[in-house]
Amino acid sequence: MTQTASQCGRIVRRRVRGAVGLLLAGSVLAGISVGKARAEVSLLPVPQSVSVPNGVAPIGGGVQIAWDTRPSPLLQRAAARFTTRLAAIAGPAGQGDPYVLHVSAGPDRAYLSVDEKERYALTTAAKGARLEADGPAGVMHGLATLLQLVRTTPDGAVVERIHIEDAPRFAWRGLLLDVSRHFDTVETVERQLDAMELVKLNVLHWHLSDGTAFRVESRTYPQLQAMTAPDQYYTQAQIREVVSYAADRGIRVVPEFDVPGHALAIVRAYPELAAQPLPDMSAKGLNLNNAALDPTNPQTLRFVRVLYGEMGRLFPDRYIHAGGDEVVSSQWTKNPAIAAYMKAHGYETAEALQAAFTGQVAAIIASQGHVMMGWDEVSEAPIPKNVVVEPWRASKWTGSATRAGHPVVVSAGYYLDLLRPAATHYAVDPFDTRADGITPEQLAKFPPKHPEFSVPFELDVNAPPLDDAQKKLVLGAEGTLWAEMVSEPMLDSRLWPRMAALAERFWSAQDVRDVPDLERRLPVVMTELEATGLQATQHRNAMREAMVPGRSEPLAVLTDVTVPVRNYALNHLAAPSGEAMLSAPVAVAEPDSFVATQFNAMAERYAQGETALAGPLRQILQRWADNDAAFVTSAKGIPALEAVAPVSHAIGQLSRAGLNVLNGRSGSAWRMDAVRLLQDQEAAFENSASMLASAHAPQPPGGLLIAILPGIRALLAVGGR
């Protein structure tokens, strides 16, 4: 019997909603388990169809790959990666016969394109397995799925016996990595590529230039890297290495070189191309995004032609992203020569001038054998139909761009630097034209001072749904992580596991939407990703230790149950102190707290009558209550930690209130105090619930929100009955 994706979701919901023993080391929650999660319900992304499980097969002797079709060197390398990863997950192979995996793959001349063949079928039986794929990409996807079917038992490693038929919903499943704001080494980039392969993402959108820096060696325009520290850009050899590394893993690399805005790094190197005089780089509050190229200068188009020609030779992908976003009109209208040019040529607005420039850039890129991509601003005026538009400001732009006949890659709703939890991003479907944007309620609560600037970001409640023709133009979607507030040691935690949730949204059927089940599977997937190379926990622990050498445990407890403020509230908090926030407690608090999610679920189950959880809950709350005094002691003399002492106090008070409920304490005064504190902390969440709120409402100390509030509220409701 085989299930569709939605039926597979029903299999998932038949699990015991118990705690999985995969939470952060040292937590009281670790090891508390009610029931055993089955391997097949931890698959991510959820496959197109899955059969009913039929027991397990032992693989203690390892897995031997037998090729039924001749493997290319590409597939042999994929098999070698599989073997290494299997050993990391299940341990080295022991004595006994190996479990044989027969693999066959068809040829695919469209490999590494939007037309590549990604379908695969995987059957794991008692004595062996079979993987059949239409092309090499399907083989890689099938091997990634097989790894997720492996689990360890006291008797050795086993694989779930199951049959899977699978193919992606969207051809373009991307991750945008911004290395301009904060540079990431080749090793760090390649670590993300390994994780991407395991969750079936297939495009790295590499944002390589912006106001902060231009990160690629240019032999034609050497001043670009001369303005950057020697170890803070990629040599052309390193670029080729990363592109090859990605291609080996079935991942295309689409570079972005932003014009005509976001050009400060370019105009600092070549000021003759600038629309305005160079700004004073020592000025406080300087917006590095504002500088723009002069589109009326003939040398600007020559620069674009030569630069894109040189960069295009490094990147074999069909697409090159040319940016086109956030061009500040005054950069052009306040330049007398540009203003005169606009008048002479009939360009009434800066947008009209940009449209003409975009058309010229698209023609240049096309003449060099590539197709241009641009952010949704480029679609506001007539541009060539084949330009791929990337909606980012609101979901309504997906509708308008596809109505105009443009292919689309959606990033609206998938901005990971907004620090929203995985569930929020997961709820946004690439086809939904009303999924993301500033709502009328948010506008009413925080009216913007300059309404004209908020209009492009506003939700259109009347946006028509996509018709079938428009849906065919949606190539896929991308998760994006802009790195103003992401240093290299923070990268793994800021990307993962939320990027895994988006990988499922881009791969699986539209009706795969069970948020509690997603939250149950994310720790499982994160454990696999870290076992096979991701370094989120390692880096987070090192950052904590650097903040409080030798006494970081209280900080770990605090940041395990807190999350960062959202919707750029952290950027606003950081503005006065620059990069200090990148070595403060909020830098190691994750947007999704596994510890808090599990506690909240346990507290809710207790509230519904599962009284056996009283003991584990008491242990957890006692630890958090006791941590306040320990944190205050450890924070003494460290300003960044002392700043979040009020958050520690609040966690302690809330934990003691939960203990009072569990211990049957009577009285109303402590309960009223707890309810007021709970309301204050819930209000803190509201103060960064939208970009408008985050810009105007007060934020909690150090930018930390307390993530255990739903569980505490559930306990207080029990005590109040």
# chains A, B, ... in the order shown; residues from 1 in each chain; ligands from 1
>>> select_by_dssp(residues="stretch 78-300 of chain A", states="strand (DSSP E or B)", output="ChimeraX atom specification")
/A:99-105,120-124,128-133,150-153,156-160,162-166,172-178,203-207,209,214,216,234,252-259,274,293
>>> closest_residue(among="A:Leu475, A:Ala401, A:Val586, A:Leu659", to="A:Arg671", atoms="only C-alpha atoms")
A:Leu659
>>> select_by_dssp(residues="stretch 416-493 of chain A", states="helix (DSSP H, G or I)", output="PyMOL selection string")
chain A and resi 416-418+422-426+440-445+451-457+468-473+488-493
>>> residues_around(residues="stretch 375-377 of chain A", least_positions_apart="4", cutoff="7 Å", atoms="only C-alpha atoms", output="list in words")
Gly323, Gly324, Asp325, Val389, Glu390, Pro391, Trp392 and Trp397 of chain A
